[in-house]
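Structure below is target.cif: mmCIF, C-alpha atoms.
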```cif
data_structure
loop_
_atom_site.label_atom_id
_atom_site.label_comp_id
_atom_site.auth_asym_id
_atom_site.auth_seq_id
_atom_site.Cartn_x
_atom_site.Cartn_y
_atom_site.Cartn_z
CA MET A 1 143.04 150.82 102.90
CA SER A 2 142.99 148.77 106.10
CA LEU A 3 142.38 150.27 109.52
CA VAL A 4 145.99 149.50 110.50
CA GLU A 5 147.24 151.46 107.47
CA LEU A 6 144.92 154.40 108.19
CA ILE A 7 146.19 154.64 111.78
CA ALA A 8 149.80 154.45 110.56
CA GLN A 9 149.23 157.42 108.22
CA ALA A 10 147.14 159.63 110.53
CA ASP A 11 148.45 162.88 112.01
CA GLU A 12 148.25 163.73 115.71
CA ARG A 13 144.77 165.30 115.50
CA GLY A 14 143.46 162.34 113.52
CA LEU A 15 144.93 159.92 116.02
CA ALA A 16 143.55 161.82 119.02
CA ALA A 17 140.12 161.97 117.36
CA SER A 18 140.28 158.28 116.45
CA GLY A 19 141.06 157.24 120.02
CA LEU A 20 138.49 159.66 121.42
CA ALA A 21 135.84 158.37 119.01
CA CYS A 22 136.45 154.79 120.15
CA LEU A 23 136.22 155.87 123.77
CA ASP A 24 133.13 157.98 123.08
CA ARG A 25 131.28 155.04 121.54
CA CYS A 26 132.06 152.97 124.66
CA VAL A 27 130.93 155.61 127.21
CA PRO A 28 127.70 153.67 128.00
CA LEU A 29 129.89 151.04 129.65
CA LEU A 30 131.36 153.71 131.94
CA GLY A 31 128.03 155.18 133.02
CA GLY A 32 128.57 158.43 131.12
CA ASP A 33 125.97 160.54 129.38
CA ASP A 34 126.09 161.61 125.76
CA GLU A 35 127.78 164.95 126.51
CA ILE A 36 130.52 163.78 128.87
CA LEU A 37 133.30 163.84 126.27
CA ARG A 38 132.06 166.86 124.30
CA PRO A 39 134.70 169.17 125.89
CA LEU A 40 137.44 166.80 124.71
CA TRP A 41 136.05 166.94 121.18
CA ALA A 42 136.13 170.75 121.40
CA SER A 43 139.80 170.65 122.37
CA LEU A 44 140.58 169.06 118.98
CA THR A 45 139.52 172.16 117.04
CA ASP A 46 142.03 174.58 115.51
CA GLY A 47 141.24 177.32 118.04
CA ALA A 48 141.81 175.22 121.16
CA GLY A 49 144.89 175.83 123.30
CA ALA A 50 147.53 173.15 123.69
CA GLY A 51 146.79 172.50 127.36
CA GLU A 52 143.04 172.14 126.95
CA TRP A 53 143.15 168.44 125.99
CA GLY A 54 144.93 167.40 129.19
CA GLU A 55 142.70 169.53 131.44
CA ARG A 56 139.51 168.28 129.82
CA LEU A 57 140.73 164.69 129.93
CA GLU A 58 141.21 164.92 133.71
CA GLN A 59 137.72 166.42 134.08
CA ALA A 60 136.21 163.55 132.07
CA ARG A 61 138.08 160.99 134.15
CA GLY A 62 136.70 162.60 137.30
CA LYS A 63 133.11 162.48 136.02
CA LEU A 64 133.01 158.93 134.71
CA ASP A 65 132.14 156.26 137.24
CA VAL A 66 134.46 153.40 136.54
CA ALA A 67 134.80 151.99 140.03
CA GLY A 68 133.24 148.59 140.24
CA ALA A 69 133.56 147.82 136.54
CA GLU A 70 133.47 144.06 136.68
CA ASP A 71 132.77 142.70 133.23
CA GLU A 72 135.45 142.51 130.57
CA ALA A 73 133.83 145.05 128.23
CA ALA A 74 133.63 147.72 130.96
CA LEU A 75 137.21 147.02 132.03
CA LEU A 76 138.42 147.52 128.45
CA ALA A 77 136.55 150.84 128.24
CA HIS A 78 138.05 151.91 131.57
CA ARG A 79 141.55 151.10 130.30
CA MET A 80 140.96 153.24 127.20
CA LEU A 81 140.10 156.22 129.39
CA GLU A 82 142.99 155.69 131.80
CA ALA A 83 145.54 155.20 129.00
CA ALA A 84 144.65 158.46 127.21
CA PRO A 85 147.77 160.64 126.97
CA ALA A 86 147.72 164.12 128.51
CA GLY A 87 149.13 165.59 125.30
CA TRP A 88 149.34 164.98 121.60
CA ALA A 89 152.91 163.72 121.30
CA ALA A 90 152.84 161.66 118.09
CA ALA A 91 154.22 158.43 119.55
CA GLU A 92 151.95 158.47 122.61
CA VAL A 93 148.76 159.36 120.76
CA ARG A 94 149.47 156.79 118.02
CA LEU A 95 149.93 154.06 120.62
CA TRP A 96 146.72 155.13 122.39
CA ALA A 97 144.66 155.34 119.17
CA ASP A 98 145.85 151.89 118.14
CA ALA A 99 145.05 150.41 121.56
CA CYS A 100 141.62 152.09 121.57
CA SER A 101 140.88 150.63 118.15
CA VAL A 102 141.67 147.11 119.36
CA ALA A 103 139.80 147.56 122.66
CA SER A 104 136.69 149.00 121.02
CA LEU A 105 136.51 146.19 118.47
CA GLN A 106 137.00 143.66 121.25
CA ILE A 107 134.22 145.31 123.30
CA HIS A 108 131.86 145.10 120.34
CA ARG A 109 132.86 141.49 119.82
CA LEU A 110 132.13 140.66 123.47
CA LEU A 111 128.71 142.33 123.32
CA ASP A 112 127.62 140.92 119.94
CA THR A 113 125.21 138.02 120.20
CA ALA A 114 126.35 136.77 116.78
CA GLU A 115 129.55 134.77 116.50
CA ASP A 116 132.62 136.35 114.88
CA GLU A 117 134.59 133.70 113.01
CA ALA A 118 138.01 135.35 113.41
CA SER A 119 140.26 134.25 116.24
CA SER A 120 141.06 137.88 117.09
CA VAL A 121 140.18 141.43 116.08
CA ALA A 122 143.65 141.85 114.53
CA ALA A 123 142.47 140.15 111.33
CA ARG A 124 139.56 142.58 111.12
CA ARG A 125 141.84 145.58 111.48
CA GLU A 126 144.03 144.26 108.67
CA GLY A 127 141.06 144.02 106.29
CA ARG A 128 140.01 140.38 106.56
CA THR A 129 136.27 140.74 107.07
CA GLU A 130 134.73 137.40 106.05
CA GLY A 131 132.46 135.93 108.71
CA MET A 132 132.48 139.12 110.75
CA SER A 133 129.68 139.64 113.26
CA PRO A 134 127.36 142.63 112.59
CA LEU A 135 128.29 144.69 115.65
CA VAL A 136 132.02 144.31 115.00
CA ALA A 137 131.53 145.10 111.30
CA ALA A 138 129.69 148.33 112.17
CA GLU A 139 132.41 149.36 114.64
CA LEU A 140 135.14 148.66 112.08
CA ARG A 141 133.31 150.82 109.51
CA ARG A 142 132.97 153.66 112.03
CA GLN A 143 136.66 153.58 112.88
CA ILE A 144 137.59 153.69 109.19
CA VAL A 145 135.17 156.55 108.45
CA VAL A 146 136.52 158.66 111.32
CA LEU A 147 140.10 158.29 110.10
CA GLU A 148 139.19 158.88 106.44
CA VAL A 149 137.14 162.00 107.21
CA LEU A 150 139.91 163.51 109.31
CA ALA A 151 142.60 162.62 106.77
CA GLY A 152 140.58 164.25 104.01
CA HIS A 153 139.23 167.30 105.84
CA GLY A 154 141.43 167.95 108.90
CA SER A 155 139.68 169.77 111.73
CA ALA A 156 136.72 170.45 109.40
CA GLY A 157 136.02 166.70 109.57
CA LEU A 158 135.56 166.74 113.36
CA ARG A 159 131.81 167.32 113.11
CA ARG A 160 131.35 164.25 110.91
CA ALA A 161 133.63 162.19 113.17
CA LEU A 162 131.50 163.21 116.16
CA GLU A 163 128.30 162.28 114.28
CA VAL A 164 129.71 158.83 113.49
CA SER A 165 130.67 158.41 117.14
CA THR A 166 127.27 159.52 118.39
CA GLU A 167 125.57 156.96 116.15
CA GLY A 168 127.86 154.22 117.46
CA ARG A 169 127.29 155.25 121.07
CA ARG A 170 123.52 154.98 120.60
CA VAL A 171 123.91 151.51 119.13
CA LEU A 172 126.13 150.36 121.99
CA ARG A 173 123.80 151.93 124.58
CA ALA A 174 120.91 149.90 123.10
CA VAL A 175 123.02 146.71 123.15
CA VAL A 176 124.00 147.31 126.79
CA SER A 177 120.36 148.02 127.77
CA ARG A 178 119.15 144.86 126.05
CA ARG A 179 121.86 142.86 127.78
CA ILE A 180 120.86 144.23 131.19
CA ARG A 181 117.19 143.41 130.57
CA LYS A 182 118.08 139.82 129.61
CA GLN A 183 120.20 139.39 132.74
CA GLY A 184 117.62 140.96 135.05
#
```

What do you get writing this file as structure tokens?
Amino acid sequence: MSLVELIAQADERGLAASGLACLDRCVPLLGGDDEILRPLWASLTDGAGAGEWGERLEQARGKLDVAGAEDEAALLAHRMLEAAPAGWAAAEVRLWADACSVASLQIHRLLDTAEDEASSVAARREGRTEGMSPLVAAELRRQIVVLEVLAGHGSAGLRRALEVSTEGRRVLRAVVSRRIRKQG
């Protein structure tokens, strides 16, 4: 199943986790540490109160330094954070998850040193993967795994979704560090 189809079929929790996972993997571009979004992940569990997501989202926004984001990748990450809905209304969270998916793939495309043969990330999301660059391919796989795990296991899949996100964040942090060293 393509990423577009998985997003179309996901429930609110799956969509919120999908968008959050994309944002979490891009936190290195916003100057955040590995634990900055952990409270938001906790608000996706069954025992969390309805208002916790919105409160924790505002706290995360306050902690992440996005002022002065000048390159395109950092600006895309900033937009993901700013566009996050305060609640889990199906239409809003679906729109956000979809936008985060596109933005995260585009960020990975911008940061990949290998060329991606597709004219846009839309083809990748629809399942056309020939000539895909390695960083974009890995991000696409992570997005698919997060949605599949949550569709198959509900809130019990949150731990695996977080693990997948943590792995992706480490990869992106290494890419960003290497890029800074080359520029400096």

Can you work out the spacing between CA of Arg25 (chain A) and CA of Ala89 (chain A) in Å, to one decimal? 23.3 Å

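A straight line drawn from CA of Glu115 (chain A) to CA of Met132 (chain A) is 7.8 Å long.
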
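The coordinates place CA of Ala86 (chain A) at 16.1 Å from CA of Asp98 (chain A).
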
With distances taken over all atoms listed in the file, which residue among A:Gln9, A:Ile36, A:Leu30, A:Gly127 lies nearest Glu82 (chain A)? A:Leu30

Residue members of the PyMOL selection byres ((chain A and resi 142) around 9) in the file shown, as a PyMOL selection string: chain A and resi 21-22+137-141+143-147+161+164-165+168

With distances taken over all atoms listed in the file, which of A:Arg13, A:Arg61, A:His153, A:His108 is nearest to Trp88 (chain A)? A:Arg13

Name the residues in contact with region 58-60 of chain A at a cut-off of 12 Å, using all atoms listed in the file, excluding same-chain residues fewer than 2 positions from it; report them as a PyMOL selection string. chain A and resi 20+23-24+27+30-33+35-41+51-56+62-66+78+81-87

Would you mind exporting the chosen residues as a PDB file, in the coordinates of the input, restricted to C-alpha atoms?
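File produced: result.pdb:
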```
ATOM      1  CA  LEU A  20     138.490 159.660 121.420  1.00  0.00           C
ATOM      2  CA  LEU A  23     136.220 155.870 123.770  1.00  0.00           C
ATOM      3  CA  ASP A  24     133.130 157.980 123.080  1.00  0.00           C
ATOM      4  CA  VAL A  27     130.930 155.610 127.210  1.00  0.00           C
ATOM      5  CA  LEU A  30     131.360 153.710 131.940  1.00  0.00           C
ATOM      6  CA  GLY A  31     128.030 155.180 133.020  1.00  0.00           C
ATOM      7  CA  GLY A  32     128.570 158.430 131.120  1.00  0.00           C
ATOM      8  CA  ASP A  33     125.970 160.540 129.380  1.00  0.00           C
ATOM      9  CA  GLU A  35     127.780 164.950 126.510  1.00  0.00           C
ATOM     10  CA  ILE A  36     130.520 163.780 128.870  1.00  0.00           C
ATOM     11  CA  LEU A  37     133.300 163.840 126.270  1.00  0.00           C
ATOM     12  CA  ARG A  38     132.060 166.860 124.300  1.00  0.00           C
ATOM     13  CA  PRO A  39     134.700 169.170 125.890  1.00  0.00           C
ATOM     14  CA  LEU A  40     137.440 166.800 124.710  1.00  0.00           C
ATOM     15  CA  TRP A  41     136.050 166.940 121.180  1.00  0.00           C
ATOM     16  CA  GLY A  51     146.790 172.500 127.360  1.00  0.00           C
ATOM     17  CA  GLU A  52     143.040 172.140 126.950  1.00  0.00           C
ATOM     18  CA  TRP A  53     143.150 168.440 125.990  1.00  0.00           C
ATOM     19  CA  GLY A  54     144.930 167.400 129.190  1.00  0.00           C
ATOM     20  CA  GLU A  55     142.700 169.530 131.440  1.00  0.00           C
ATOM     21  CA  ARG A  56     139.510 168.280 129.820  1.00  0.00           C
ATOM     22  CA  GLY A  62     136.700 162.600 137.300  1.00  0.00           C
ATOM     23  CA  LYS A  63     133.110 162.480 136.020  1.00  0.00           C
ATOM     24  CA  LEU A  64     133.010 158.930 134.710  1.00  0.00           C
ATOM     25  CA  ASP A  65     132.140 156.260 137.240  1.00  0.00           C
ATOM     26  CA  VAL A  66     134.460 153.400 136.540  1.00  0.00           C
ATOM     27  CA  HIS A  78     138.050 151.910 131.570  1.00  0.00           C
ATOM     28  CA  LEU A  81     140.100 156.220 129.390  1.00  0.00           C
ATOM     29  CA  GLU A  82     142.990 155.690 131.800  1.00  0.00           C
ATOM     30  CA  ALA A  83     145.540 155.200 129.000  1.00  0.00           C
ATOM     31  CA  ALA A  84     144.650 158.460 127.210  1.00  0.00           C
ATOM     32  CA  PRO A  85     147.770 160.640 126.970  1.00  0.00           C
ATOM     33  CA  ALA A  86     147.720 164.120 128.510  1.00  0.00           C
ATOM     34  CA  GLY A  87     149.130 165.590 125.300  1.00  0.00           C
TER      35      GLY A  87
END
```

Run the PyMOL selection byres ((chain A and resi 122-125) around 9) against the file shown and list the residues it catches, as a ChimeraX atom specification. /A:2-5,101-102,105,118-121,126-130,132,136-137,140

Between region 89-156 of chain A and region 174-183 of chain A, at 12 Å or less, what are the per-residue closest atom pairs and their distances in Å? Count all atoms listed in the file, order by chain and rising residue number, and return it as CSV.
```
residue,atom,partner,partner_atom,distance
A:Ile107,CA,A:Val176,CA,11.0
A:His108,CA,A:Val175,CA,9.4
A:Arg109,CA,A:Val175,CA,11.6
A:Leu110,CA,A:Val175,CA,10.9
A:Leu111,CA,A:Val175,CA,7.2
A:Asp112,CA,A:Val175,CA,8.1
A:Thr113,CA,A:Val175,CA,9.4
A:Leu135,CA,A:Val175,CA,9.4
```

Residue completion, region 26-38 of chain A, N, CA, C and O atoms, as a PDB file, keeping the file's coordinate frame:
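Okay, this is what ended up in part.pdb:
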```
ATOM      1  N   CYS A  26     132.113 153.921 123.550  1.00  0.00           N
ATOM      2  CA  CYS A  26     132.060 152.970 124.660  1.00  0.00           C
ATOM      3  C   CYS A  26     131.656 153.608 125.991  1.00  0.00           C
ATOM      4  O   CYS A  26     131.613 152.926 127.018  1.00  0.00           O
ATOM      5  N   VAL A  27     131.335 154.898 125.990  1.00  0.00           N
ATOM      6  CA  VAL A  27     130.930 155.610 127.210  1.00  0.00           C
ATOM      7  C   VAL A  27     129.760 154.951 127.938  1.00  0.00           C
ATOM      8  O   VAL A  27     129.723 154.972 129.170  1.00  0.00           O
ATOM      9  N   PRO A  28     128.790 154.329 127.252  1.00  0.00           N
ATOM     10  CA  PRO A  28     127.700 153.670 128.000  1.00  0.00           C
ATOM     11  C   PRO A  28     128.192 152.623 128.996  1.00  0.00           C
ATOM     12  O   PRO A  28     127.545 152.396 130.007  1.00  0.00           O
ATOM     13  N   LEU A  29     129.336 152.032 128.734  1.00  0.00           N
ATOM     14  CA  LEU A  29     129.890 151.040 129.650  1.00  0.00           C
ATOM     15  C   LEU A  29     130.490 151.676 130.907  1.00  0.00           C
ATOM     16  O   LEU A  29     130.703 151.015 131.904  1.00  0.00           O
ATOM     17  N   LEU A  30     130.760 152.983 130.826  1.00  0.00           N
ATOM     18  CA  LEU A  30     131.360 153.710 131.940  1.00  0.00           C
ATOM     19  C   LEU A  30     130.342 154.538 132.708  1.00  0.00           C
ATOM     20  O   LEU A  30     130.709 155.291 133.600  1.00  0.00           O
ATOM     21  N   GLY A  31     129.081 154.436 132.321  1.00  0.00           N
ATOM     22  CA  GLY A  31     128.030 155.180 133.020  1.00  0.00           C
ATOM     23  C   GLY A  31     127.957 156.645 132.648  1.00  0.00           C
ATOM     24  O   GLY A  31     127.355 157.437 133.371  1.00  0.00           O
ATOM     25  N   GLY A  32     128.562 157.023 131.532  1.00  0.00           N
ATOM     26  CA  GLY A  32     128.570 158.430 131.120  1.00  0.00           C
ATOM     27  C   GLY A  32     127.401 158.782 130.232  1.00  0.00           C
ATOM     28  O   GLY A  32     126.842 157.940 129.549  1.00  0.00           O
ATOM     29  N   ASP A  33     127.042 160.072 130.260  1.00  0.00           N
ATOM     30  CA  ASP A  33     125.970 160.540 129.380  1.00  0.00           C
ATOM     31  C   ASP A  33     126.556 160.942 128.025  1.00  0.00           C
ATOM     32  O   ASP A  33     127.765 160.906 127.819  1.00  0.00           O
ATOM     33  N   ASP A  34     125.675 161.323 127.128  1.00  0.00           N
ATOM     34  CA  ASP A  34     126.090 161.610 125.760  1.00  0.00           C
ATOM     35  C   ASP A  34     126.984 162.839 125.618  1.00  0.00           C
ATOM     36  O   ASP A  34     127.656 162.999 124.614  1.00  0.00           O
ATOM     37  N   GLU A  35     127.008 163.711 126.600  1.00  0.00           N
ATOM     38  CA  GLU A  35     127.780 164.950 126.510  1.00  0.00           C
ATOM     39  C   GLU A  35     129.095 164.923 127.282  1.00  0.00           C
ATOM     40  O   GLU A  35     129.853 165.873 127.241  1.00  0.00           O
ATOM     41  N   ILE A  36     129.384 163.843 127.953  1.00  0.00           N
ATOM     42  CA  ILE A  36     130.520 163.780 128.870  1.00  0.00           C
ATOM     43  C   ILE A  36     131.865 164.067 128.192  1.00  0.00           C
ATOM     44  O   ILE A  36     132.742 164.686 128.785  1.00  0.00           O
ATOM     45  N   LEU A  37     132.023 163.640 126.961  1.00  0.00           N
ATOM     46  CA  LEU A  37     133.300 163.840 126.270  1.00  0.00           C
ATOM     47  C   LEU A  37     133.282 165.006 125.290  1.00  0.00           C
ATOM     48  O   LEU A  37     134.282 165.271 124.610  1.00  0.00           O
ATOM     49  N   ARG A  38     132.174 165.727 125.231  1.00  0.00           N
ATOM     50  CA  ARG A  38     132.060 166.860 124.300  1.00  0.00           C
ATOM     51  C   ARG A  38     133.190 167.886 124.489  1.00  0.00           C
ATOM     52  O   ARG A  38     133.746 168.374 123.504  1.00  0.00           O
TER      53      ARG A  38
END
```
